[in-house]
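Everything below concerns the one structure shown next.
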Amino acid sequence: MTRAQEVRRRAQPRPEVAGLNAYRLRQTAAVKLNQNESPFDYPEELKAEVLCRVAARPWHRYPPVDSAALRLSLARFCGSGAEMIAVTNGSNEAILGLVEAFASGRRVVLAVPGYSMFAPLAVAGGAAVGTVHLRPDFSLDVDAIVQAAARSPDAAMVLLASPNNPTGNVFDRPAVRAILEAARGLVVIDEAYWAFAGESWLPEVSRYPHLAVLRTFSKAFALAGARVGWIGANEEIITTVRKVLPPYNLNVFAQEAALVALEHPEAVRARVDLIVRERNRMSAAMRVIEGIRPYPSATNFILFRSAVSAGVLFERLLQRGVLVRDVSAAPLLDRCLRVTVGMPKENDRFLQALDESVGVPE
């Protein structure tokens, strides 16, 4: 085979996909506070219940194709009908599925800084990406988003996270409502951190037929390892997105783990309350450290700005055994890092390491 033939036969990725970076994240440290995971493991007694149920299932058979039992349980949990819910392999599959179903070949409008996977998933789903910067106080620039979402003929979707990651704030309801009123395409609100904020757009899906709300079991439910997400929307949206979701997309372990979690909401609520108390304690302690500015948070993490450059502070914290997330490359976030709320002893170690790290000249 000639060199020319080899070149012709080489698999060529789509140019926009070739420009993406594969997801990479440093994983190891004595105190790991970089991925917004729950500091509490799934309770042992609930693990035992899940394992018992999974052991009783026939493993040589496919799982329920549409996760019917889980969809019904979620419907009871949120007070809607099961036909208004689609279950996904994590909320990332929900985002990708919605893009493929509603925005492929067209444009997705994002507010930045926002969830780091929004843009790659939109590109992977075949959409172009248009970004609108948040205002300096991290609020939505409603006029700019409306301009991009309502007056651009190819704008098919607005994708927001509220509470927002990595800024931690909940977007003002009148601002979001103005976008919903103006947008001609689908408006998707990712509520991964809803449980820590206490307010939701899910009750509004019956009012806005072009609204889809995303949730995940990874944060408040302490099931990041199970990879369970879901979409709440009107029946037409759910019917459409399920056409592009792979069949059997949620394995039997994930389905049973989520079902057991929904049967014990008191355990989730108690742990969320503990995380919120720790978050508030951490924020108060960070405010008195010279050179550190924590931002208000409605999530299980805290965004903070440092007088020390983010890269230097990241390495200093890592040298002291604490792993956080450097988010300083995002718009508006120069010298910013993000720390997940951990167990009290982990948070104490972070606070001590932070105090020690910012006091050293660069």
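Residues are referred to by chain and number: the chain letter is A, B, ... according to the order shown in the structure tokens, the number counts from 1 in that chain, and ligands are numbered separately from 1 in the order shown.
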
Margin query: With only C-alpha atoms as the counted atoms, please give the residues lying no more than 9 Å from Val213 in chain A, apart from itself and same-chain residues fewer than 4 positions off, as a VMD selection string.
Written below: chain A and resid 187 to 191 200 to 202 205 230 to 233

Pull the alpha helix (DSSP H) assignments for range 104-334 of chain A out of DSSP run on the backbone, and list those residues as a PyMOL selection string.
chain A and resi 118-124+142-150+173-182+194-197+235-242+252-262+265-287+310-319

Export of the given selection (C-alpha atoms) as a PDB file, in the first residue's frame:
```pdb
ATOM      1  CA  PHE A 118     -21.529  22.058  28.128  1.00  0.00           C
ATOM      2  CA  ALA A 119     -19.482  23.160  25.127  1.00  0.00           C
ATOM      3  CA  PRO A 120     -17.747  19.803  24.402  1.00  0.00           C
ATOM      4  CA  LEU A 121     -21.045  17.928  24.622  1.00  0.00           C
ATOM      5  CA  ALA A 122     -22.734  20.449  22.340  1.00  0.00           C
ATOM      6  CA  VAL A 123     -19.945  20.025  19.784  1.00  0.00           C
ATOM      7  CA  ALA A 124     -20.037  16.241  20.135  1.00  0.00           C
ATOM      8  CA  VAL A 142     -30.294  38.744  29.775  1.00  0.00           C
ATOM      9  CA  ASP A 143     -30.237  41.145  26.838  1.00  0.00           C
ATOM     10  CA  ALA A 144     -27.210  39.432  25.304  1.00  0.00           C
ATOM     11  CA  ILE A 145     -28.665  35.943  25.761  1.00  0.00           C
ATOM     12  CA  VAL A 146     -32.013  37.003  24.330  1.00  0.00           C
ATOM     13  CA  GLN A 147     -30.205  38.578  21.388  1.00  0.00           C
ATOM     14  CA  ALA A 148     -28.345  35.315  20.788  1.00  0.00           C
ATOM     15  CA  ALA A 149     -31.253  32.964  21.498  1.00  0.00           C
ATOM     16  CA  ALA A 150     -34.280  34.752  20.107  1.00  0.00           C
ATOM     17  CA  ARG A 173     -35.682  33.984  38.500  1.00  0.00           C
ATOM     18  CA  PRO A 174     -36.960  37.060  36.624  1.00  0.00           C
ATOM     19  CA  ALA A 175     -33.814  36.918  34.466  1.00  0.00           C
ATOM     20  CA  VAL A 176     -34.327  33.248  33.616  1.00  0.00           C
ATOM     21  CA  ARG A 177     -38.014  33.841  33.036  1.00  0.00           C
ATOM     22  CA  ALA A 178     -37.206  36.628  30.578  1.00  0.00           C
ATOM     23  CA  ILE A 179     -35.043  34.190  28.630  1.00  0.00           C
ATOM     24  CA  LEU A 180     -37.788  31.571  28.697  1.00  0.00           C
ATOM     25  CA  GLU A 181     -40.301  34.088  27.423  1.00  0.00           C
ATOM     26  CA  ALA A 182     -38.043  35.195  24.566  1.00  0.00           C
ATOM     27  CA  TRP A 194     -30.615  21.908  43.232  1.00  0.00           C
ATOM     28  CA  ALA A 195     -30.771  20.155  46.612  1.00  0.00           C
ATOM     29  CA  PHE A 196     -28.302  22.613  48.163  1.00  0.00           C
ATOM     30  CA  ALA A 197     -30.180  25.666  46.881  1.00  0.00           C
ATOM     31  CA  GLU A 235     -44.118  14.633  27.193  1.00  0.00           C
ATOM     32  CA  GLU A 236     -43.275  15.772  23.661  1.00  0.00           C
ATOM     33  CA  ILE A 237     -39.674  16.633  24.623  1.00  0.00           C
ATOM     34  CA  ILE A 238     -39.274  13.363  26.529  1.00  0.00           C
ATOM     35  CA  THR A 239     -40.664  11.313  23.630  1.00  0.00           C
ATOM     36  CA  THR A 240     -38.268  13.023  21.240  1.00  0.00           C
ATOM     37  CA  VAL A 241     -35.109  12.717  23.323  1.00  0.00           C
ATOM     38  CA  ARG A 242     -35.751   9.056  24.059  1.00  0.00           C
ATOM     39  CA  VAL A 252     -29.398  -2.817  36.757  1.00  0.00           C
ATOM     40  CA  PHE A 253     -26.992  -1.653  39.459  1.00  0.00           C
ATOM     41  CA  ALA A 254     -27.578   2.017  38.653  1.00  0.00           C
ATOM     42  CA  GLN A 255     -31.345   1.576  38.510  1.00  0.00           C
ATOM     43  CA  GLU A 256     -31.522  -0.232  41.845  1.00  0.00           C
ATOM     44  CA  ALA A 257     -29.127   2.204  43.555  1.00  0.00           C
ATOM     45  CA  ALA A 258     -31.249   5.158  42.483  1.00  0.00           C
ATOM     46  CA  LEU A 259     -34.488   3.430  43.496  1.00  0.00           C
ATOM     47  CA  VAL A 260     -33.166   2.677  46.978  1.00  0.00           C
ATOM     48  CA  ALA A 261     -31.961   6.268  47.367  1.00  0.00           C
ATOM     49  CA  LEU A 262     -35.399   7.618  46.475  1.00  0.00           C
ATOM     50  CA  PRO A 265     -35.117  10.787  51.260  1.00  0.00           C
ATOM     51  CA  GLU A 266     -34.498  11.478  54.944  1.00  0.00           C
ATOM     52  CA  ALA A 267     -30.914  10.215  54.634  1.00  0.00           C
ATOM     53  CA  VAL A 268     -30.297  12.542  51.690  1.00  0.00           C
ATOM     54  CA  ARG A 269     -31.813  15.560  53.432  1.00  0.00           C
ATOM     55  CA  ALA A 270     -29.773  15.051  56.609  1.00  0.00           C
ATOM     56  CA  ARG A 271     -26.508  14.879  54.683  1.00  0.00           C
ATOM     57  CA  VAL A 272     -27.355  17.891  52.553  1.00  0.00           C
ATOM     58  CA  ASP A 273     -27.993  19.870  55.732  1.00  0.00           C
ATOM     59  CA  LEU A 274     -24.580  18.854  57.101  1.00  0.00           C
ATOM     60  CA  ILE A 275     -22.844  19.859  53.872  1.00  0.00           C
ATOM     61  CA  VAL A 276     -24.565  23.252  53.855  1.00  0.00           C
ATOM     62  CA  ARG A 277     -23.499  23.889  57.452  1.00  0.00           C
ATOM     63  CA  GLU A 278     -19.904  22.959  56.596  1.00  0.00           C
ATOM     64  CA  ARG A 279     -20.006  25.153  53.500  1.00  0.00           C
ATOM     65  CA  ASN A 280     -21.093  28.137  55.569  1.00  0.00           C
ATOM     66  CA  ARG A 281     -18.410  27.428  58.179  1.00  0.00           C
ATOM     67  CA  MET A 282     -15.729  27.205  55.498  1.00  0.00           C
ATOM     68  CA  SER A 283     -16.865  30.429  53.837  1.00  0.00           C
ATOM     69  CA  ALA A 284     -16.726  32.295  57.141  1.00  0.00           C
ATOM     70  CA  ALA A 285     -13.225  30.981  57.854  1.00  0.00           C
ATOM     71  CA  MET A 286     -12.003  31.823  54.350  1.00  0.00           C
ATOM     72  CA  ARG A 287     -13.218  35.407  54.623  1.00  0.00           C
ATOM     73  CA  ALA A 310      -4.261  30.297  40.793  1.00  0.00           C
ATOM     74  CA  GLY A 311      -1.586  27.995  39.398  1.00  0.00           C
ATOM     75  CA  VAL A 312       0.840  28.779  42.214  1.00  0.00           C
ATOM     76  CA  LEU A 313      -1.812  28.400  44.900  1.00  0.00           C
ATOM     77  CA  PHE A 314      -3.028  25.124  43.380  1.00  0.00           C
ATOM     78  CA  GLU A 315       0.471  23.652  43.597  1.00  0.00           C
ATOM     79  CA  ARG A 316       1.049  24.946  47.119  1.00  0.00           C
ATOM     80  CA  LEU A 317      -2.185  23.345  48.294  1.00  0.00           C
ATOM     81  CA  LEU A 318      -1.296  20.109  46.524  1.00  0.00           C
ATOM     82  CA  GLN A 319       2.111  20.066  48.223  1.00  0.00           C
TER      83      GLN A 319
END
```

Between A:Ser357, A:Asn347, A:Ser91, A:Asn36, smallest distance to Phe217 in chain A by only C-alpha atoms belongs to A:Ser91

| DSSP strand (DSSP E) residues within range 31-98 of chain A, listed as an NGL selection string | :A and (31-32 or 85-88)

Query raised in the report: By how many Å are CA of Val112 in chain A and CA of Leu134 in chain A apart?
Result: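 Rounded to one decimal, the two atoms are 5.8 Å apart.
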
As a check of understanding: the span from CA of Phe102 in chain A to CA of Ala156 in chain A is 6.7 Å

field: Near-Arg71 in chain A list (10 Å; only C-alpha atoms; drop same-chain fewer than 6 positions) as a count of residues only
entry: 11

Worksheet entry | Polymer residues at most 10 Å from Thr88 in chain A, only C-alpha atoms, same-chain spacing of 6 or more positions, as JSON, numbers by chain | {"A": [66, 67, 94, 95, 97, 214, 215, 216, 227, 228, 229, 230, 231, 242, 245, 246, 248, 249, 250]}

Near range 296-308 of chain A, within 6 Å and counting only C-alpha atoms, which residues show up once chain neighbours fewer than 5 positions away are dropped, as a ChimeraX atom specification?
/A:167-169,193,196-197,291,335-341

(Q) Which residues are close to Val322 in chain A, i.e. within 7 Å by only C-alpha atoms, leaving aside same-chain residues fewer than 3 positions away? Reply as a VMD selection string. (A) chain A and resid 29 to 32 317 to 318 350

Of A:Gly185, A:Leu33, A:Val129, A:Asn164, the one sitting nearest Leu351 in chain A when using only C-alpha atoms is A:Leu33
